[in-house]
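Written below as structure tokens is the structure these notes are about.
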Amino acid sequence: MDWSKRQPIDDWEVDLTEPLDWRLLRMSEDEVNVLESELHLTVPDFLRRWLIDNPFRNFPEQTRCLVCNRDRLISENVELRREGYYGRNWPENLLWIGDDWAGGAYFVDVTEKSAAVYWYDWEEGRGDIVLPENSERHEPEEFIQYIAGLSD
């Protein structure tokens, strides 16, 4: 797909201001469907549940490892496909889901059979393209525990 051409999100009026608390955000099933339609991908089942339920909502500290906001997810992913990630290409099969507020991106590979969340650090990342094999891999449950450990 040619992401340099206008996309529907380019014509939407979206509010991308930072929410007071990222833990309060959740998406509806319809919003996840729009995300899939606009980005031409299928969200993995575990991530669909996460976007709707936000498993990080009861954490003591805020985290932006999972952005449960339709417009922000679409906007960020379109921008990554157009501009790349700190000079590195961002493939269409990768779905940015959040970041660590310090230059590290969390993403999933929507073409993978097994469920996983990846972390790619812009300073330490290898190559000129963001790839799962150049990133830190976490099983979904392990990822929740990993993020919990960061907020301790």
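Ordered as shown in the structure tokens, chains take letters A, B, and onward, while each chain numbers its residues from 1 and ligands are numbered from 1 in the order shown.
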Need to verify the contact set: segment 77-84 of chain A, 8 Å, only C-alpha atoms, exclusion of same-chain residues closer than 2 positions in sequence. Can you return it as a PDB file with C-alpha atoms, in the first residue's frame?
ATOM      1  CA  TRP A   3       1.041   5.235   2.618  1.00  0.00           C
ATOM      2  CA  SER A   4       2.286   8.514   1.140  1.00  0.00           C
ATOM      3  CA  LEU A  39      -4.516  -0.020   8.647  1.00  0.00           C
ATOM      4  CA  LEU A  73      -3.071   4.161  17.087  1.00  0.00           C
ATOM      5  CA  ILE A  74      -4.134   4.796  13.502  1.00  0.00           C
ATOM      6  CA  SER A  75      -2.362   8.151  13.310  1.00  0.00           C
ATOM      7  CA  TYR A  86      14.022   7.411  13.832  1.00  0.00           C
ATOM      8  CA  GLY A  87      15.247   6.897  10.273  1.00  0.00           C
ATOM      9  CA  ARG A  88      14.408   3.190  10.108  1.00  0.00           C
ATOM     10  CA  ASN A  89      11.736   1.743   7.850  1.00  0.00           C
ATOM     11  CA  TRP A  90       8.584   0.476   9.551  1.00  0.00           C
ATOM     12  CA  PRO A  91       7.012  -2.522   7.743  1.00  0.00           C
ATOM     13  CA  GLU A  92       3.235  -2.764   7.257  1.00  0.00           C
ATOM     14  CA  LEU A  95       1.499  -2.607  14.541  1.00  0.00           C
ATOM     15  CA  TRP A  96       2.816   0.028  16.949  1.00  0.00           C
TER      16      TRP A  96
END
Strand (DSSP E or B) positions in chain A, given as a list in words: Tyr85, Arg88, Asn89, Leu94, Leu95, Trp96, Ile97, Gly98, Asp99, Gly104, Ala105, Tyr106, Phe107, Val108, Asp109, Val117, Tyr118, Trp119, Tyr120, Asp121, Ile129, Glu136, Arg137 and His138 of chain A
Kindly export the residues of the current selection with C-alpha atoms, as a PDB file, in the first residue's frame.
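What landed in again_27.pdb:
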ATOM      1  CA  TYR A  85      11.025   5.154  13.161  1.00  0.00           C
ATOM      2  CA  ARG A  88      14.408   3.190  10.108  1.00  0.00           C
ATOM      3  CA  ASN A  89      11.736   1.743   7.850  1.00  0.00           C
ATOM      4  CA  LEU A  94       4.130  -4.258  12.385  1.00  0.00           C
ATOM      5  CA  LEU A  95       1.499  -2.607  14.541  1.00  0.00           C
ATOM      6  CA  TRP A  96       2.816   0.028  16.949  1.00  0.00           C
ATOM      7  CA  ILE A  97       0.871  -0.323  20.195  1.00  0.00           C
ATOM      8  CA  GLY A  98       2.726   2.071  22.500  1.00  0.00           C
ATOM      9  CA  ASP A  99       6.081   3.257  23.743  1.00  0.00           C
ATOM     10  CA  GLY A 104      11.484   2.609  22.651  1.00  0.00           C
ATOM     11  CA  ALA A 105       8.504   1.326  20.663  1.00  0.00           C
ATOM     12  CA  TYR A 106       6.248  -1.588  21.595  1.00  0.00           C
ATOM     13  CA  PHE A 107       4.710  -3.431  18.669  1.00  0.00           C
ATOM     14  CA  VAL A 108       3.238  -6.692  17.436  1.00  0.00           C
ATOM     15  CA  ASP A 109       3.817  -8.493  14.158  1.00  0.00           C
ATOM     16  CA  VAL A 117       4.936  -8.180  21.967  1.00  0.00           C
ATOM     17  CA  TYR A 118       8.222  -6.644  20.855  1.00  0.00           C
ATOM     18  CA  TRP A 119      10.261  -3.711  22.071  1.00  0.00           C
ATOM     19  CA  TYR A 120      12.602  -1.832  19.755  1.00  0.00           C
ATOM     20  CA  ASP A 121      14.919   0.836  21.122  1.00  0.00           C
ATOM     21  CA  ILE A 129      14.497  -1.432   9.280  1.00  0.00           C
ATOM     22  CA  GLU A 136      13.266  -7.806  22.426  1.00  0.00           C
ATOM     23  CA  ARG A 137      10.450 -10.401  22.397  1.00  0.00           C
ATOM     24  CA  HIS A 138       7.906 -11.059  25.175  1.00  0.00           C
TER      25      HIS A 138
END
So which residues touch Asn54 of chain A within 8 Å, counting only C-alpha atoms, skipping near sequence neighbours fewer than 5 positions away, as a count of residues only? 6
Quick one: residues within 10 Å of Glu38 of chain A, only C-alpha atoms counted, chain neighbours fewer than 2 positions away excluded, as a PyMOL selection string? chain A and resi 7-9+32-36+40-41+74-75+78
Print the selection's residues with N, CA and C atoms to a file, as an mmCIF file, in the first residue's frame.
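The new file result_4.cif reads:
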data_model
loop_
_atom_site.group_PDB
_atom_site.id
_atom_site.type_symbol
_atom_site.label_atom_id
_atom_site.label_comp_id
_atom_site.auth_asym_id
_atom_site.auth_seq_id
_atom_site.Cartn_x
_atom_site.Cartn_y
_atom_site.Cartn_z
ATOM 1 N N GLN A 7 -4.812 9.247 3.505
ATOM 2 C CA GLN A 7 -5.532 8.183 4.178
ATOM 3 C C GLN A 7 -6.743 8.798 4.862
ATOM 4 N N PRO A 8 -7.765 8.004 5.168
ATOM 5 C CA PRO A 8 -8.942 8.555 5.844
ATOM 6 C C PRO A 8 -8.607 9.355 7.098
ATOM 7 N N ILE A 9 -7.623 8.896 7.878
ATOM 8 C CA ILE A 9 -7.266 9.605 9.111
ATOM 9 C C ILE A 9 -6.816 11.033 8.830
ATOM 10 N N VAL A 32 -11.835 -1.160 17.444
ATOM 11 C CA VAL A 32 -10.796 -2.083 16.992
ATOM 12 C C VAL A 32 -11.045 -2.459 15.537
ATOM 13 N N ASN A 33 -12.301 -2.647 15.168
ATOM 14 C CA ASN A 33 -12.643 -2.959 13.773
ATOM 15 C C ASN A 33 -12.238 -1.827 12.834
ATOM 16 N N VAL A 34 -12.448 -0.587 13.242
ATOM 17 C CA VAL A 34 -12.046 0.560 12.431
ATOM 18 C C VAL A 34 -10.521 0.592 12.303
ATOM 19 N N LEU A 35 -9.817 0.347 13.398
ATOM 20 C CA LEU A 35 -8.358 0.279 13.373
ATOM 21 C C LEU A 35 -7.885 -0.733 12.332
ATOM 22 N N GLU A 36 -8.467 -1.906 12.347
ATOM 23 C CA GLU A 36 -8.095 -2.943 11.385
ATOM 24 C C GLU A 36 -8.380 -2.506 9.955
ATOM 25 N N HIS A 40 -5.469 -1.836 7.337
ATOM 26 C CA HIS A 40 -5.445 -2.999 6.446
ATOM 27 C C HIS A 40 -4.710 -4.178 7.081
ATOM 28 N N LEU A 41 -5.125 -4.514 8.300
ATOM 29 C CA LEU A 41 -4.515 -5.628 9.013
ATOM 30 C C LEU A 41 -5.539 -6.242 9.963
ATOM 31 N N ILE A 74 -4.111 4.667 14.961
ATOM 32 C CA ILE A 74 -4.134 4.796 13.502
ATOM 33 C C ILE A 74 -3.152 5.880 13.060
ATOM 34 N N SER A 75 -3.223 7.035 13.679
ATOM 35 C CA SER A 75 -2.362 8.151 13.310
ATOM 36 C C SER A 75 -0.888 7.786 13.452
ATOM 37 N N VAL A 78 0.138 5.155 10.739
ATOM 38 C CA VAL A 78 0.242 5.755 9.401
ATOM 39 C C VAL A 78 1.522 6.583 9.319
#
From the set A:Val130, A:Val14, A:Ala116, A:Val110, which residue has the shortest atom-to-atom contact distance to Asn69 of chain A, counting only C-alpha atoms?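 Closest to Asn69 of chain A of all the choices is A:Val14.
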DSSP on the backbone: what in segment 46-152 of chain A comes out helix (DSSP H, G or I), as a PyMOL selection string? chain A and resi 46-53+70-83+132-134+140-150
With only C-alpha atoms as the atoms that count, which of A:Leu131, A:Arg70, A:Gly125, A:Leu20 lies nearest to Ser37 of chain A?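 Nearest to Ser37 of chain A: A:Arg70.
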